[in-house]
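Report on the following structure.
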Amino acid sequence: MSVTKTIPIPNGVVKIVSRGELQNCDAWSRAFQGKCKDHRYYEIVDETLEGDFEHHYLVLEDNSGNVQGVQPVFFVRQNLIEGMRGKFRFLVDFIRKRFPRFLTMRVLMVGCAAGAGDLGACDEKDEAWVAKALHASLRTCARQNKASLVVLKDCLAKYRPALESFRSNGYARVPSMPMTRLALPYHDWDEYFRTLSKATRKDLRRKFRKAERAPKIEMEIVTDVAPYIDEIYPLYLQVHERSPMKFETLTKSYFRAIGRRMPDRTRFFIWRQSGKIVAFSFCLVCNDAIYDECIGLDYSVALDLHLYFYTLRDIISWSLQQGLRYYYSNPLNYGPKLHLRCELVPLDLYVMHTSALLNPIFRRMIKYLGPTRHDPFLRRFPNSDQL
């Protein structure tokens, strides 16, 4: 595709490069050093994600030629009403039978195509500079590549101070579907279990008893899932197809590459019953936290055995044994997480239409299309006001 190779900005320049051009760039690894999803993760996503994703990287240099940051971006055609339900969604689906691209736009997205993203500053103190450089260059980059929208995708709330220049200069900040977090100041599962409400404890005991009456379920933890990929991948697809919101579909190559290239952080929890894999969970372990990235379930037994809760108990128990302090899980399925005393981890979308004429209208409209407006559980979390 045709791209603008360089974009002049105040106090520097932004260069648009391919992943191959980053191989000898030391700043590329420094930009995400210490982050759960470091530069290796972005490379894996770039290589293995299928679909209409066009991955590029913005190298942000100051006037002295020093690289202050490297920011992954990608182009994709996005459904503007993803997550919306009700009569309006029914009407849009009807129209799309004749006009498939109705209420979709080509979008320049900043961040990670498979998960929440980070600002790619080489030093934390440079995050504000990187944010201003992005603000000065993204509209030009989008227009040059015929994208109608610019979206900073799933930004952690800790970046709000650095990204204030976006919200006050043309962008609307919209809540994205949040992650959740469970603090783990407990000795073991039993101590944590006692903190839950009486009704939740009763419900979980009933679920666990039912699973325990079935043939024994055994757990194994591996870093390399390649030998089992043909067994686990259909389980991932079963869960993925049931999700009301789909952005990306992970591939077999993705799961194989994660274990091979990030073994220090990757943990695959695998559960078998009578020798057959009935569930798996892919997690990343970084510093004092475990991030539950995705789950796969065999729905021929999963609902009857309440495998979601069974697997969650095993992961939390293992995390406590390892001395980890936090358990993070990806968006959706908020009902059970509310009862398990998780808290929300806000994620933000910063959105702008590239047309100066249309953007003021779009900024008002987009707030009514935000995905969080339609989830019945989010407002019941104690920290929902942080969204």
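Chain labels A, B, ... are given in the sequence in which chains occur in the structure tokens; within each chain residues are numbered consecutively from 1, and ligands are likewise numbered from 1 in the order shown.
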
Within 8 Å of Pro72 in chain A, counting only C-alpha atoms, which residues qualify if same-chain residues fewer than 2 places away don't, as a PDB file with C-alpha atoms, in the first residue's frame?
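Result went into part-v3.pdb, see below:
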ATOM      1  CA  TYR A  42       3.299  -6.984  18.500  1.00  0.00           C
ATOM      2  CA  HIS A  55       0.202  -3.246  10.207  1.00  0.00           C
ATOM      3  CA  HIS A  56       2.702  -0.372  10.273  1.00  0.00           C
ATOM      4  CA  TYR A  57       4.879   1.398  12.824  1.00  0.00           C
ATOM      5  CA  LEU A  58       5.452   5.069  13.538  1.00  0.00           C
ATOM      6  CA  VAL A  70       7.843   3.610  18.314  1.00  0.00           C
ATOM      7  CA  PHE A  74      -2.869  -0.643  11.718  1.00  0.00           C
ATOM      8  CA  VAL A 110      -3.282   3.096  17.185  1.00  0.00           C
ATOM      9  CA  GLY A 111      -2.366   0.267  19.536  1.00  0.00           C
ATOM     10  CA  CYS A 112      -2.609  -3.505  19.505  1.00  0.00           C
ATOM     11  CA  GLY A 120       5.340   3.246  22.770  1.00  0.00           C
TER      12      GLY A 120
END

request  = Tell me, as a PyMOL selection string, which residues lie within 12 Å of Gly296 in chain A, counting only C-alpha atoms; anything in the same chain fewer than 5 positions away does not count.
outcome  = chain A and resi 229+231-243+250+268-271+277-283+302+307-308+311

task = Would you please give, as a PyMOL selection string, all residues of range 68-310 of chain A that DSSP assigns to helix (DSSP H, G or I) based on the backbone?
result = chain A and resi 87-96+124-144+157-159+164-167+189-193+198-213+226-242+252-261+302-305+307-310

Could you give me, as a tab-separated table, a per-residue list for range 258-301 of chain A showing, wherever an atom lies at most 12 Å from an atom of range 331-341 of chain A, the closest pair of atoms and their distance in Å to one decimal, using only C-alpha atoms and sorting by chain then residue number from low to high?
residue	atom	partner	partner_atom	distance
A:Tyr291	CA	A:Pro331	CA	11.6
A:Asp292	CA	A:Pro331	CA	10.3
A:Glu293	CA	A:Pro331	CA	9.5
A:Cys294	CA	A:Pro331	CA	10.0
A:Ile295	CA	A:Asn333	CA	11.9

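Restricting the calculation to only C-alpha atoms, the smallest distance between Ile361 in chain A and any of A:Ala131, A:Leu119, A:Val67, A:Ala172 is found for A:Ala172.
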
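Each of A:His306, A:Arg181, A:Lys202, A:Lys210 was checked against Asn383 in chain A using only C-alpha atoms; the smallest atom-to-atom distance is that of A:Arg181.
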
ask   = Between A:Val351, A:Leu284, A:Leu344, A:Ile258, which one has atoms that come closest to Phe377 in chain A, using only C-alpha atoms?
value =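 Answer, going by the shortest atom-to-atom distance: A:Leu344.
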
key: Å distance separating CA of Lys276 in chain A from CA of Glu212 in chain A, one decimal place   =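 Spanning CA of Lys276 in chain A to CA of Glu212 in chain A is a straight-line distance of 16.4 Å.
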
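Neighbouring residues of Lys216 in chain A at 10 Å or closer, counting only C-alpha atoms and skipping chain neighbours under 5 positions away, are Ala211, Arg272, Gln273, Ser274 and Gly275 of chain A.
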
query = How many Å lie between CA of Cys141 in chain A and CA of Trp28 in chain A, rounded to one decimal?
reply = 20.0 Å

inquiry  = Using only C-alpha atoms, which protein or nucleic acid residues come within 6 Å of Leu152 in chain A? Drop anything in the same chain fewer than 6 positions from it, and give the result as a PyMOL selection string.
reply    = chain A and resi 109-110+349-350

Could you name the residues that touch Val14 in chain A at 8 Å or less, counting only C-alpha atoms, but leaving out those on the same chain fewer than 6 positions away, as a PDB file with all heavy atoms, in the first residue's frame?
ATOM      1  N   THR A   6       7.357  10.014   5.595  1.00  0.00           N
ATOM      2  CA  THR A   6       7.689  10.893   6.719  1.00  0.00           C
ATOM      3  C   THR A   6       6.625  11.971   6.853  1.00  0.00           C
ATOM      4  O   THR A   6       6.066  12.432   5.855  1.00  0.00           O
ATOM      5  CB  THR A   6       9.065  11.567   6.547  1.00  0.00           C
ATOM      6  OG1 THR A   6       9.041  12.382   5.379  1.00  0.00           O
ATOM      7  CG2 THR A   6      10.167  10.525   6.441  1.00  0.00           C
ATOM      8  N   ILE A   7       6.348  12.361   8.081  1.00  0.00           N
ATOM      9  CA  ILE A   7       5.395  13.433   8.368  1.00  0.00           C
ATOM     10  C   ILE A   7       6.082  14.425   9.290  1.00  0.00           C
ATOM     11  O   ILE A   7       6.409  14.097  10.437  1.00  0.00           O
ATOM     12  CB  ILE A   7       4.124  12.890   9.044  1.00  0.00           C
ATOM     13  CG1 ILE A   7       3.442  11.851   8.155  1.00  0.00           C
ATOM     14  CG2 ILE A   7       3.160  14.032   9.373  1.00  0.00           C
ATOM     15  CD1 ILE A   7       2.249  11.168   8.820  1.00  0.00           C
ATOM     16  N   PRO A   8       6.335  15.634   8.822  1.00  0.00           N
ATOM     17  CA  PRO A   8       6.944  16.650   9.704  1.00  0.00           C
ATOM     18  C   PRO A   8       5.968  17.039  10.816  1.00  0.00           C
ATOM     19  O   PRO A   8       4.760  17.165  10.593  1.00  0.00           O
ATOM     20  CB  PRO A   8       7.201  17.827   8.762  1.00  0.00           C
ATOM     21  CG  PRO A   8       7.124  17.258   7.378  1.00  0.00           C
ATOM     22  CD  PRO A   8       6.147  16.127   7.452  1.00  0.00           C
ATOM     23  N   LEU A  58       5.049   3.672  13.598  1.00  0.00           N
ATOM     24  CA  LEU A  58       5.452   5.069  13.538  1.00  0.00           C
ATOM     25  C   LEU A  58       6.688   5.260  14.415  1.00  0.00           C
ATOM     26  O   LEU A  58       6.642   5.020  15.630  1.00  0.00           O
ATOM     27  CB  LEU A  58       4.325   5.973  14.038  1.00  0.00           C
ATOM     28  CG  LEU A  58       2.962   5.811  13.350  1.00  0.00           C
ATOM     29  CD1 LEU A  58       1.973   6.839  13.896  1.00  0.00           C
ATOM     30  CD2 LEU A  58       3.077   5.924  11.844  1.00  0.00           C
ATOM     31  N   VAL A  59       7.786   5.673  13.789  1.00  0.00           N
ATOM     32  CA  VAL A  59       9.009   5.974  14.525  1.00  0.00           C
ATOM     33  C   VAL A  59       9.016   7.481  14.776  1.00  0.00           C
ATOM     34  O   VAL A  59       9.008   8.283  13.839  1.00  0.00           O
ATOM     35  CB  VAL A  59      10.257   5.551  13.725  1.00  0.00           C
ATOM     36  CG1 VAL A  59      11.528   5.930  14.493  1.00  0.00           C
ATOM     37  CG2 VAL A  59      10.224   4.044  13.463  1.00  0.00           C
ATOM     38  N   LEU A  60       9.028   7.870  16.039  1.00  0.00           N
ATOM     39  CA  LEU A  60       8.863   9.266  16.438  1.00  0.00           C
ATOM     40  C   LEU A  60      10.218   9.839  16.854  1.00  0.00           C
ATOM     41  O   LEU A  60      10.787   9.431  17.874  1.00  0.00           O
ATOM     42  CB  LEU A  60       7.868   9.352  17.597  1.00  0.00           C
ATOM     43  CG  LEU A  60       6.562   8.546  17.386  1.00  0.00           C
ATOM     44  CD1 LEU A  60       5.791   8.426  18.668  1.00  0.00           C
ATOM     45  CD2 LEU A  60       5.719   9.190  16.310  1.00  0.00           C
ATOM     46  N   GLU A  61      10.716  10.779  16.054  1.00  0.00           N
ATOM     47  CA  GLU A  61      12.040  11.359  16.302  1.00  0.00           C
ATOM     48  C   GLU A  61      11.933  12.849  16.640  1.00  0.00           C
ATOM     49  O   GLU A  61      11.090  13.554  16.078  1.00  0.00           O
ATOM     50  CB  GLU A  61      12.934  11.207  15.070  1.00  0.00           C
ATOM     51  CG  GLU A  61      13.263   9.769  14.703  1.00  0.00           C
ATOM     52  CD  GLU A  61      14.216   9.689  13.513  1.00  0.00           C
ATOM     53  OE1 GLU A  61      14.632  10.773  13.021  1.00  0.00           O
ATOM     54  OE2 GLU A  61      14.543   8.562  13.092  1.00  0.00           O
ATOM     55  N   ALA A 133       3.269  14.098  19.591  1.00  0.00           N
ATOM     56  CA  ALA A 133       3.745  13.758  18.247  1.00  0.00           C
ATOM     57  C   ALA A 133       2.702  12.950  17.489  1.00  0.00           C
ATOM     58  O   ALA A 133       2.483  13.157  16.288  1.00  0.00           O
ATOM     59  CB  ALA A 133       5.061  12.982  18.347  1.00  0.00           C
ATOM     60  N   SER A 137       0.413  13.989  13.949  1.00  0.00           N
ATOM     61  CA  SER A 137       0.679  13.234  12.718  1.00  0.00           C
ATOM     62  C   SER A 137      -0.424  12.281  12.280  1.00  0.00           C
ATOM     63  O   SER A 137      -0.483  11.910  11.097  1.00  0.00           O
ATOM     64  CB  SER A 137       1.975  12.424  12.889  1.00  0.00           C
ATOM     65  OG  SER A 137       1.856  11.513  13.970  1.00  0.00           O
TER      66      SER A 137
END

inquiry  = Could you tell me how far CA of Glu50 in chain A sits from CA of Asp348 in chain A, in Å to one decimal place?
reply    =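 CA of Glu50 in chain A lies at a distance of 24.7 Å from CA of Asp348 in chain A.
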
request  = Can you check which residues of range 139-169 of chain A DSSP gives as strand (DSSP E or B) on the backbone and send them as a list in words?
outcome  =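 Here is the list: Leu149, Val150, Val151, Leu152, Lys153, Asp154, Cys155 and Leu156 of chain A.
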
Keeping all heavy atoms, export the residues of the selection given above as a CSV table (one decimal), in the first residue's frame.
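The result, stored in selection08.csv:
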chain,number,residue,atom,x,y,z
A,149,LEU,N,-11.5,7.5,9.8
A,149,LEU,CA,-11.4,7.7,11.3
A,149,LEU,C,-10.0,7.4,11.8
A,149,LEU,O,-9.3,6.6,11.2
A,149,LEU,CB,-12.4,6.7,12.0
A,149,LEU,CG,-13.9,6.9,11.8
A,149,LEU,CD1,-14.6,5.8,12.7
A,149,LEU,CD2,-14.3,8.3,12.2
A,150,VAL,N,-9.7,8.1,12.9
A,150,VAL,CA,-8.5,7.7,13.7
A,150,VAL,C,-9.0,7.3,15.0
A,150,VAL,O,-9.8,8.0,15.7
A,150,VAL,CB,-7.6,9.0,13.8
A,150,VAL,CG1,-6.4,8.6,14.7
A,150,VAL,CG2,-7.1,9.5,12.5
A,151,VAL,N,-8.5,6.1,15.5
A,151,VAL,CA,-8.9,5.6,16.8
A,151,VAL,C,-7.7,5.2,17.6
A,151,VAL,O,-6.9,4.4,17.1
A,151,VAL,CB,-9.9,4.4,16.6
A,151,VAL,CG1,-10.2,3.8,18.0
A,151,VAL,CG2,-11.2,4.8,15.9
A,152,LEU,N,-7.5,5.7,18.8
A,152,LEU,CA,-6.6,5.2,19.7
A,152,LEU,C,-7.3,4.1,20.5
A,152,LEU,O,-8.3,4.3,21.2
A,152,LEU,CB,-6.1,6.2,20.7
A,152,LEU,CG,-4.9,7.1,20.2
A,152,LEU,CD1,-5.4,8.0,19.0
A,152,LEU,CD2,-4.3,8.0,21.3
A,153,LYS,N,-6.9,2.8,20.3
A,153,LYS,CA,-7.7,1.7,20.7
A,153,LYS,C,-7.3,1.2,22.1
A,153,LYS,O,-6.1,0.9,22.4
A,153,LYS,CB,-7.5,0.5,19.7
A,153,LYS,CG,-8.1,-0.8,20.1
A,153,LYS,CD,-7.8,-1.9,19.0
A,153,LYS,CE,-8.3,-3.2,19.4
A,153,LYS,NZ,-7.5,-3.8,20.5
A,154,ASP,N,-8.3,1.1,23.0
A,154,ASP,CA,-8.1,0.4,24.3
A,154,ASP,C,-6.9,0.9,25.0
A,154,ASP,O,-6.0,0.1,25.4
A,154,ASP,CB,-8.1,-1.1,24.1
A,154,ASP,CG,-9.4,-1.7,23.6
A,154,ASP,OD1,-10.4,-1.0,23.7
A,154,ASP,OD2,-9.4,-2.8,23.0
A,155,CYS,N,-6.9,2.2,25.3
A,155,CYS,CA,-5.8,2.8,26.1
A,155,CYS,C,-6.1,2.7,27.6
A,155,CYS,O,-7.2,3.0,28.0
A,155,CYS,CB,-5.7,4.3,25.7
A,155,CYS,SG,-5.4,4.6,24.0
A,156,LEU,N,-5.1,2.2,28.3
A,156,LEU,CA,-5.3,2.2,29.8
A,156,LEU,C,-5.5,3.5,30.4
A,156,LEU,O,-5.0,4.5,29.9
A,156,LEU,CB,-4.1,1.5,30.4
A,156,LEU,CG,-3.8,0.0,30.0
A,156,LEU,CD1,-2.5,-0.4,30.4
A,156,LEU,CD2,-4.9,-0.8,30.7
